[in-house]
$ cat work_19.cif   # mmCIF, C-alpha atoms
data_data
#
loop_
_atom_site.label_atom_id
_atom_site.label_comp_id
_atom_site.auth_asym_id
_atom_site.auth_seq_id
_atom_site.Cartn_x
_atom_site.Cartn_y
_atom_site.Cartn_z
CA MET A 570 153.60 24.32 -3.12
CA GLY A 571 150.35 22.87 -1.79
CA ASP A 572 149.08 19.32 -1.99
CA PRO A 573 152.03 16.85 -2.19
CA GLU A 574 149.93 14.56 -4.36
CA LYS A 575 149.40 17.40 -6.83
CA GLU A 576 153.12 18.17 -6.90
CA ARG A 577 153.85 14.75 -8.40
CA ASP A 578 151.67 15.54 -11.41
CA ALA A 579 152.49 17.78 -14.35
CA MET A 580 151.01 21.25 -14.58
CA LEU A 581 150.64 20.90 -18.36
CA GLU A 582 150.16 17.61 -20.19
CA LEU A 583 149.91 17.21 -23.95
CA ARG A 584 149.08 13.76 -25.28
CA ASP A 585 149.36 13.03 -29.01
CA LEU A 586 148.22 16.58 -29.75
CA ALA A 587 147.38 17.46 -33.35
CA VAL A 588 146.48 20.95 -34.53
CA ALA A 589 145.22 22.30 -37.84
CA VAL A 590 145.03 25.92 -39.02
CA ASP A 591 142.50 26.85 -41.70
CA GLY A 592 142.10 23.18 -42.54
CA ARG A 593 145.85 22.53 -42.88
CA GLN A 594 147.48 20.12 -40.44
CA ILE A 595 150.40 21.88 -38.72
CA LEU A 596 151.16 19.82 -35.60
CA SER A 597 150.87 16.09 -34.96
CA GLY A 598 151.91 13.64 -32.27
CA ILE A 599 152.92 16.30 -29.73
CA ASP A 600 153.68 14.74 -26.35
CA LEU A 601 154.87 17.13 -23.64
CA GLU A 602 154.77 17.39 -19.84
CA ILE A 603 155.72 20.49 -17.88
CA GLY A 604 155.96 19.94 -14.14
CA TYR A 605 155.26 22.45 -11.39
CA GLY A 606 158.07 24.98 -11.17
CA GLU A 607 159.69 23.82 -14.42
CA THR A 608 160.72 25.98 -17.36
CA HIS A 609 160.86 24.36 -20.79
CA VAL A 610 162.26 25.89 -23.95
CA LEU A 611 161.09 24.99 -27.45
CA PHE A 612 163.53 25.48 -30.32
CA GLY A 613 162.65 25.24 -33.97
CA PRO A 614 163.13 26.85 -37.37
CA ASN A 615 160.67 29.39 -38.71
CA GLY A 616 157.50 27.72 -39.92
CA SER A 617 157.94 24.61 -37.78
CA GLY A 618 154.73 25.18 -35.81
CA LYS A 619 156.06 26.75 -32.58
CA THR A 620 153.63 29.67 -32.49
CA THR A 621 150.79 27.37 -33.57
CA LEU A 622 151.44 25.28 -30.47
CA LEU A 623 151.19 28.27 -28.14
CA MET A 624 148.07 29.58 -29.85
CA ALA A 625 146.45 26.15 -29.51
CA LEU A 626 147.41 26.04 -25.82
CA MET A 627 145.78 29.44 -25.38
CA GLY A 628 142.64 28.18 -27.12
CA PHE A 629 142.23 30.51 -30.09
CA PRO A 630 139.50 29.09 -32.37
CA ARG A 631 141.52 29.35 -35.59
CA TYR A 632 143.91 26.76 -34.13
CA GLN A 633 141.74 23.66 -34.16
CA VAL A 634 142.73 20.65 -32.09
CA THR A 635 142.13 17.67 -34.37
CA GLY A 636 143.52 15.01 -32.06
CA GLY A 637 144.83 14.38 -28.57
CA ALA A 638 144.23 16.46 -25.47
CA ILE A 639 145.47 19.43 -23.44
CA LYS A 640 145.39 19.05 -19.66
CA LEU A 641 146.11 21.73 -17.09
CA ASN A 642 146.45 20.63 -13.47
CA GLY A 643 144.85 17.34 -14.49
CA GLU A 644 141.79 19.00 -16.05
CA ASP A 645 141.05 18.52 -19.75
CA ILE A 646 140.88 22.07 -21.13
CA THR A 647 140.93 21.12 -24.82
CA SER A 648 137.50 22.61 -25.47
CA LEU A 649 137.74 25.67 -23.22
CA PRO A 650 137.83 29.19 -24.75
CA PRO A 651 140.81 31.51 -24.12
CA ASP A 652 139.17 33.49 -21.31
CA GLU A 653 138.49 30.33 -19.31
CA ARG A 654 142.08 29.19 -19.79
CA ALA A 655 143.30 32.59 -18.59
CA ARG A 656 141.10 32.28 -15.50
CA ARG A 657 142.68 28.89 -14.82
CA GLY A 658 146.12 30.47 -14.82
CA ILE A 659 147.53 30.46 -18.36
CA GLY A 660 149.14 33.68 -19.57
CA MET A 661 150.83 34.39 -22.88
CA MET A 662 153.31 36.92 -24.25
CA TYR A 663 152.72 37.26 -27.99
CA GLN A 664 155.43 37.73 -30.57
CA ARG A 665 153.34 40.26 -32.52
CA PRO A 666 150.56 41.55 -30.24
CA PRO A 667 147.95 43.89 -31.71
CA THR A 668 147.62 47.60 -31.10
CA VAL A 669 144.55 48.28 -28.96
CA ARG A 670 143.16 51.74 -29.70
CA GLY A 671 140.97 53.41 -27.10
CA VAL A 672 142.38 51.36 -24.20
CA SER A 673 145.27 52.76 -22.20
CA LEU A 674 148.08 50.57 -20.93
CA ARG A 675 147.02 51.46 -17.39
CA GLN A 676 143.50 50.18 -18.08
CA MET A 677 144.81 46.99 -19.70
CA VAL A 678 147.09 46.26 -16.75
CA SER A 679 144.21 46.80 -14.32
CA ILE A 680 141.95 44.52 -16.40
CA SER A 681 144.66 41.84 -16.52
CA SER A 682 145.26 41.83 -12.78
CA ARG A 683 144.20 38.86 -10.68
CA ASP A 684 145.04 40.78 -7.50
CA ASP A 685 145.15 44.33 -6.20
CA LEU A 686 148.41 45.93 -7.29
CA ASP A 687 150.22 49.24 -7.57
CA VAL A 688 150.15 49.79 -11.35
CA ALA A 689 152.56 52.74 -11.27
CA SER A 690 155.13 50.83 -9.22
CA LEU A 691 154.91 47.78 -11.48
CA ALA A 692 155.24 49.99 -14.56
CA GLY A 693 158.28 51.66 -13.01
CA GLU A 694 160.06 48.32 -12.78
CA MET A 695 159.57 47.95 -16.55
CA ASN A 696 160.48 51.59 -17.35
CA LEU A 697 156.95 52.13 -18.66
CA GLU A 698 155.61 54.89 -16.36
CA GLU A 699 155.32 57.37 -19.24
CA PHE A 700 153.41 54.83 -21.35
CA LEU A 701 150.57 54.16 -18.91
CA GLU A 702 148.17 56.70 -20.45
CA ARG A 703 148.97 55.73 -24.05
CA ASP A 704 146.92 53.29 -26.11
CA VAL A 705 148.23 49.74 -25.76
CA ASN A 706 151.20 49.21 -28.12
CA HIS A 707 150.34 52.26 -30.25
CA GLY A 708 153.62 53.68 -31.55
CA PHE A 709 155.66 51.42 -29.26
CA SER A 710 159.06 50.15 -30.40
CA GLY A 711 159.81 46.42 -30.44
CA GLY A 712 161.40 46.51 -27.00
CA GLU A 713 158.60 48.65 -25.57
CA ILE A 714 155.99 46.19 -26.86
CA LYS A 715 157.80 43.30 -25.16
CA ARG A 716 157.97 45.22 -21.90
CA SER A 717 154.27 46.13 -22.22
CA GLU A 718 153.38 42.47 -22.73
CA LEU A 719 155.43 41.47 -19.70
CA LEU A 720 153.86 44.21 -17.59
CA GLN A 721 150.43 42.79 -18.39
CA LEU A 722 151.64 39.25 -17.62
CA GLN A 723 153.04 40.36 -14.28
CA ALA A 724 149.67 41.89 -13.45
CA GLN A 725 147.89 38.66 -14.41
CA ASN A 726 150.43 36.61 -12.42
CA PRO A 727 149.72 33.36 -14.32
CA ASP A 728 150.71 29.91 -13.12
CA LEU A 729 151.73 28.79 -16.62
CA VAL A 730 153.65 31.39 -18.64
CA LEU A 731 153.80 31.02 -22.43
CA LEU A 732 156.43 33.21 -24.12
CA ASP A 733 156.62 33.50 -27.91
CA GLU A 734 160.08 34.66 -29.05
CA PRO A 735 160.64 37.06 -26.13
CA GLU A 736 163.99 38.23 -27.57
CA SER A 737 162.64 38.96 -31.07
CA GLY A 738 163.11 42.61 -32.12
CA VAL A 739 164.66 43.56 -28.77
CA ASP A 740 167.98 45.40 -28.40
CA MET A 741 170.56 44.42 -25.78
CA GLU A 742 169.46 46.97 -23.17
CA ASN A 743 165.82 45.95 -23.43
CA LEU A 744 166.73 42.26 -23.52
CA GLN A 745 168.33 42.53 -20.09
CA LEU A 746 165.17 44.13 -18.72
CA VAL A 747 162.98 41.54 -20.45
CA GLY A 748 165.15 38.73 -19.06
CA ARG A 749 164.89 40.05 -15.50
CA ALA A 750 161.11 40.35 -15.80
CA ILE A 751 160.79 36.79 -17.08
CA ARG A 752 162.97 35.55 -14.24
CA ARG A 753 160.61 37.21 -11.76
CA LEU A 754 157.55 35.75 -13.48
CA LEU A 755 159.04 32.26 -13.32
CA GLN A 756 160.31 32.67 -9.74
CA LYS A 757 163.88 31.93 -10.82
CA ASP A 758 165.29 33.66 -7.77
CA LEU A 759 163.57 31.15 -5.48
CA VAL A 760 165.71 28.16 -4.63
CA ARG A 761 162.79 26.09 -3.37
CA ARG A 762 159.01 26.06 -3.54
CA ARG A 763 158.96 27.37 -7.08
CA SER A 764 155.43 26.86 -8.44
CA LYS A 765 155.31 28.88 -11.68
CA SER A 766 155.92 26.96 -14.90
CA GLY A 767 156.92 28.24 -18.31
CA LEU A 768 157.21 27.33 -21.97
CA ILE A 769 159.52 29.61 -23.94
CA ILE A 770 159.65 29.56 -27.72
CA THR A 771 162.90 30.73 -29.24
CA HIS A 772 164.58 30.64 -32.64
CA THR A 773 167.91 32.14 -31.58
CA GLY A 774 168.23 30.93 -27.98
CA TYR A 775 169.49 34.33 -26.77
CA ILE A 776 166.93 34.38 -23.97
CA LEU A 777 168.80 31.50 -22.30
CA ASP A 778 171.57 33.97 -21.43
CA TYR A 779 169.07 35.52 -19.00
CA VAL A 780 166.62 32.74 -18.10
CA GLU A 781 167.71 29.21 -17.25
CA ALA A 782 165.55 26.42 -18.67
CA ASP A 783 165.18 22.97 -17.12
CA HIS A 784 164.32 21.05 -20.29
CA GLY A 785 164.64 21.66 -24.02
CA HIS A 786 162.73 20.40 -27.03
CA VAL A 787 163.21 20.78 -30.77
CA LEU A 788 160.17 21.12 -33.03
CA CYS A 789 160.64 20.34 -36.73
CA ASN A 790 157.97 19.79 -39.35
CA GLY A 791 155.18 19.95 -36.79
CA THR A 792 156.45 17.38 -34.32
CA ILE A 793 158.91 17.25 -31.42
CA VAL A 794 161.99 15.42 -32.72
CA CYS A 795 164.33 15.81 -29.75
CA SER A 796 164.17 16.49 -26.00
CA GLY A 797 167.06 16.99 -23.63
CA ASN A 798 169.45 19.48 -22.09
CA PRO A 799 168.61 22.91 -23.54
CA ARG A 800 172.19 24.20 -23.48
CA GLU A 801 173.49 21.13 -25.31
CA GLN A 802 170.65 21.38 -27.81
CA LEU A 803 171.36 25.05 -28.46
CA GLU A 804 175.06 24.32 -29.00
CA GLY A 805 174.16 21.59 -31.47
CA ILE A 806 171.72 23.84 -33.32
CA ARG A 807 174.29 26.62 -33.62
CA ARG A 808 176.93 24.20 -34.91
CA TYR A 809 174.87 21.98 -37.19
CA GLY A 810 171.55 23.75 -37.78
CA PHE A 811 168.00 22.49 -37.35
CA GLU A 812 168.31 20.11 -40.32
CA GLU A 813 170.59 17.87 -38.28
CA CYS A 814 168.13 17.93 -35.37
CA ALA A 815 165.36 16.66 -37.63
CA THR A 816 167.35 13.52 -38.42
CA CYS A 817 168.78 12.97 -34.90
CA THR A 818 171.84 11.21 -36.39
CA ARG A 819 174.30 12.24 -33.68
#
$ encode --input "work_19.cif" --output "structure tokens"
Amino acid sequence: MGDPEKERDAMLELRDLAVAVDGRQILSGIDLEIGYGETHVLFGPNGSGKTTLLMALMGFPRYQVTGGAIKLNGEDITSLPPDERARRGIGMMYQRPPTVRGVSLRQMVSISSRDDLDVASLAGEMNLEEFLERDVNHGFSGGEIKRSELLQLQAQNPDLVLLDEPESGVDMENLQLVGRAIRRLLQKDLVRRRSKSGLIITHTGYILDYVEADHGHVLCNGTIVCSGNPREQLEGIRRYGFEECATCTR
């Protein structure tokens, strides 16, 4: 994976991160480290700030960092715009991506690519060959949008993959395809020398049936209240709900 000294550091480091949206404080005191080759999953109820965290990591100006810092590979990227973060290897799959009129999916995949690639072959793996000449996400179903997002991410080949509710609005057949694509992105089929890292947001946890996570975190009321084994956390959430997680009484 490169420099051994670098391997001992985290790919992503958040220290006491606080984020406001439209002047309203949403996140506070977020401490998180994601090592090289690690996949983390973030659970939380709706409205807890999960998507806000990803948007802040991606650098969108509406999501204002009011405290703390974001470091990628040891570099403070807190003030960098989204395009610079993408160039440094951050890629994101959005829960509700926009429709892009006048730009075909083929063009978007080519624009997203960090390397030369066979667009048709990559689209074939995602069952999207017939969508390549259509405007991005225009008239796509929920599952087709997810596959389109993943196709663009595979073309970008990011080092840090941010996934916002990848199972949302996806039927069982599409979820299997989405899960396989995420596994490829995160190099889950490699036993050693895995370098890609990921942060997966989920409300239901269904994606864990297809993608194994190394660490889990629970976000409630804008702060991380629990970290641990993701499978054990998911079992607890399904049995007791997020309210119990917020109090950490067990």
$ resolve_selection --input "work_19.cif" --expression "the PyMOL selection byres ((chain A and resi 651) around 7)" --output "number ranges by chain"
A: 627-629, 649-650, 652-655
$ write_last_selection --input "work_19.cif" --atoms "C-alpha atoms" --output "compact mmCIF listing (two decimals), in the coordinates of the input"
# COMPACT_ATOMS: atom_id res chain seq x y z
CA MET A 627 145.78 29.44 -25.38
CA GLY A 628 142.64 28.18 -27.12
CA PHE A 629 142.23 30.51 -30.09
CA LEU A 649 137.74 25.67 -23.22
CA PRO A 650 137.83 29.19 -24.75
CA ASP A 652 139.17 33.49 -21.31
CA GLU A 653 138.49 30.33 -19.31
CA ARG A 654 142.08 29.19 -19.79
CA ALA A 655 143.30 32.59 -18.59
$ residues_around --input "work_19.cif" --residues "segment 661-674 of chain A" --least-positions-apart "6" --cutoff "6 Å" --atoms "only C-alpha atoms" --output "ChimeraX atom specification"
/A:701-707,718,730-734
$ atom_distance --input "work_19.cif" --atom1 "atom CA of Tyr779 of chain A" --atom2 "atom CA of Glu804 of chain A"
16.2 Å
$ closest_residue --input "work_19.cif" --among "A:Thr792, A:Gln745, A:Thr647, A:Gln676" --to "Phe700 of chain A" --atoms "only C-alpha atoms"
A:Gln676
$ resolve_selection --input "work_19.cif" --expression "the PyMOL selection byres ((chain A and resi 744) around 10)" --output "PyMOL selection string"
chain A and resi 712+715-716+735-743+745-750+775-776+778-779
$ residues_near_point --input "work_19.cif" --point "(145.8, 36.5, -14.9)" --cutoff "8 Å" --atoms "all atoms listed in the file" --output "PyMOL selection string"
chain A and resi 655-656+658-660+681-683+722+724-727
$ resolve_selection --input "work_19.cif" --expression "the PyMOL selection byres ((chain A and resi 587) around 10)" --output "PyMOL selection string"
chain A and resi 583-586+588-589+594-600+622+625+632-638+791-792
$ closest_residue --input "work_19.cif" --among "A:Arg593, A:Arg631, A:His609, A:Arg763" --to "His784 of chain A" --atoms "all atoms listed in the file"
A:His609
$ closest_atom_pairs --input "work_19.cif" --of "segment 590-708 of chain A" --to "segment 808-811 of chain A" --cutoff "10 Å" --atoms "all atoms listed in the file" --output "CSV"
residue,atom,partner,partner_atom,distance
A:Phe612,CA,A:Phe811,CA,8.9
A:Gly613,CA,A:Phe811,CA,6.9
A:Pro614,CA,A:Phe811,CA,6.5
$ axis_aligned_box --input "work_19.cif" --around "segment 776-794 of chain A" --padding-each-side "4 Å" --output "JSON"
{"center_x": 163.4, "center_y": 25.5, "center_z": -28.2, "size_x": 24.4, "size_y": 28.1, "size_z": 30.2}
$ atom_distance --input "work_19.cif" --atom1 "atom CA of Leu641 of chain A" --atom2 "atom CA of Gln756 of chain A"
19.4 Å
$ closest_residue --input "work_19.cif" --among "A:Ile639, A:Val610, A:Cys789, A:Ile646" --to "Gly774 of chain A" --atoms "all atoms listed in the file"
A:Val610
$ build_atoms --input "work_19.cif" --residues "segment 644-666 of chain A" --atoms "N, CA and C atoms" --output "PDB file, in the coordinates of the input"
ATOM      1  N   GLU A 644     143.093  18.735 -15.438  1.00  0.00           N
ATOM      2  CA  GLU A 644     141.790  19.000 -16.050  1.00  0.00           C
ATOM      3  C   GLU A 644     141.931  19.103 -17.564  1.00  0.00           C
ATOM      4  N   ASP A 645     141.061  18.427 -18.291  1.00  0.00           N
ATOM      5  CA  ASP A 645     141.050  18.520 -19.750  1.00  0.00           C
ATOM      6  C   ASP A 645     140.472  19.875 -20.156  1.00  0.00           C
ATOM      7  N   ILE A 646     141.328  20.736 -20.739  1.00  0.00           N
ATOM      8  CA  ILE A 646     140.880  22.070 -21.130  1.00  0.00           C
ATOM      9  C   ILE A 646     140.813  22.214 -22.654  1.00  0.00           C
ATOM     10  N   THR A 647     140.851  21.094 -23.366  1.00  0.00           N
ATOM     11  CA  THR A 647     140.930  21.120 -24.820  1.00  0.00           C
ATOM     12  C   THR A 647     139.828  21.941 -25.461  1.00  0.00           C
ATOM     13  N   SER A 648     138.639  21.927 -24.873  1.00  0.00           N
ATOM     14  CA  SER A 648     137.500  22.610 -25.470  1.00  0.00           C
ATOM     15  C   SER A 648     137.210  23.977 -24.852  1.00  0.00           C
ATOM     16  N   LEU A 649     138.008  24.406 -23.897  1.00  0.00           N
ATOM     17  CA  LEU A 649     137.740  25.670 -23.220  1.00  0.00           C
ATOM     18  C   LEU A 649     138.175  26.862 -24.067  1.00  0.00           C
ATOM     19  N   PRO A 650     137.436  27.976 -24.029  1.00  0.00           N
ATOM     20  CA  PRO A 650     137.830  29.190 -24.750  1.00  0.00           C
ATOM     21  C   PRO A 650     138.987  29.886 -24.034  1.00  0.00           C
ATOM     22  N   PRO A 651     139.634  30.847 -24.709  1.00  0.00           N
ATOM     23  CA  PRO A 651     140.810  31.510 -24.120  1.00  0.00           C
ATOM     24  C   PRO A 651     140.556  32.157 -22.772  1.00  0.00           C
ATOM     25  N   ASP A 652     139.403  32.792 -22.582  1.00  0.00           N
ATOM     26  CA  ASP A 652     139.170  33.490 -21.310  1.00  0.00           C
ATOM     27  C   ASP A 652     139.108  32.514 -20.141  1.00  0.00           C
ATOM     28  N   GLU A 653     138.541  31.326 -20.376  1.00  0.00           N
ATOM     29  CA  GLU A 653     138.490  30.330 -19.310  1.00  0.00           C
ATOM     30  C   GLU A 653     139.884  29.787 -19.001  1.00  0.00           C
ATOM     31  N   ARG A 654     140.708  29.652 -20.015  1.00  0.00           N
ATOM     32  CA  ARG A 654     142.080  29.190 -19.790  1.00  0.00           C
ATOM     33  C   ARG A 654     142.874  30.234 -19.009  1.00  0.00           C
ATOM     34  N   ALA A 655     142.632  31.514 -19.332  1.00  0.00           N
ATOM     35  CA  ALA A 655     143.300  32.590 -18.590  1.00  0.00           C
ATOM     36  C   ALA A 655     142.876  32.568 -17.130  1.00  0.00           C
ATOM     37  N   ARG A 656     141.587  32.343 -16.882  1.00  0.00           N
ATOM     38  CA  ARG A 656     141.100  32.280 -15.500  1.00  0.00           C
ATOM     39  C   ARG A 656     141.706  31.101 -14.743  1.00  0.00           C
ATOM     40  N   ARG A 657     142.067  30.050 -15.456  1.00  0.00           N
ATOM     41  CA  ARG A 657     142.680  28.890 -14.820  1.00  0.00           C
ATOM     42  C   ARG A 657     144.184  29.043 -14.662  1.00  0.00           C
ATOM     43  N   GLY A 658     144.721  30.191 -15.119  1.00  0.00           N
ATOM     44  CA  GLY A 658     146.120  30.470 -14.820  1.00  0.00           C
ATOM     45  C   GLY A 658     147.097  30.394 -15.960  1.00  0.00           C
ATOM     46  N   ILE A 659     146.619  30.431 -17.218  1.00  0.00           N
ATOM     47  CA  ILE A 659     147.530  30.460 -18.360  1.00  0.00           C
ATOM     48  C   ILE A 659     147.658  31.905 -18.848  1.00  0.00           C
ATOM     49  N   GLY A 660     148.884  32.351 -19.032  1.00  0.00           N
ATOM     50  CA  GLY A 660     149.140  33.680 -19.570  1.00  0.00           C
ATOM     51  C   GLY A 660     150.133  33.596 -20.709  1.00  0.00           C
ATOM     52  N   MET A 661     149.986  34.474 -21.699  1.00  0.00           N
ATOM     53  CA  MET A 661     150.830  34.390 -22.880  1.00  0.00           C
ATOM     54  C   MET A 661     151.382  35.753 -23.273  1.00  0.00           C
ATOM     55  N   MET A 662     152.654  35.766 -23.654  1.00  0.00           N
ATOM     56  CA  MET A 662     153.310  36.920 -24.250  1.00  0.00           C
ATOM     57  C   MET A 662     153.430  36.642 -25.748  1.00  0.00           C
ATOM     58  N   TYR A 663     152.794  37.490 -26.551  1.00  0.00           N
ATOM     59  CA  TYR A 663     152.720  37.260 -27.990  1.00  0.00           C
ATOM     60  C   TYR A 663     153.934  37.831 -28.699  1.00  0.00           C
ATOM     61  N   GLN A 664     154.323  37.206 -29.797  1.00  0.00           N
ATOM     62  CA  GLN A 664     155.430  37.730 -30.570  1.00  0.00           C
ATOM     63  C   GLN A 664     155.027  39.022 -31.277  1.00  0.00           C
ATOM     64  N   ARG A 665     153.826  39.068 -31.819  1.00  0.00           N
ATOM     65  CA  ARG A 665     153.340  40.260 -32.520  1.00  0.00           C
ATOM     66  C   ARG A 665     151.950  40.616 -31.992  1.00  0.00           C
ATOM     67  N   PRO A 666     151.869  41.198 -30.813  1.00  0.00           N
ATOM     68  CA  PRO A 666     150.560  41.550 -30.240  1.00  0.00           C
ATOM     69  C   PRO A 666     149.931  42.714 -31.005  1.00  0.00           C
TER      70      PRO A 666
END
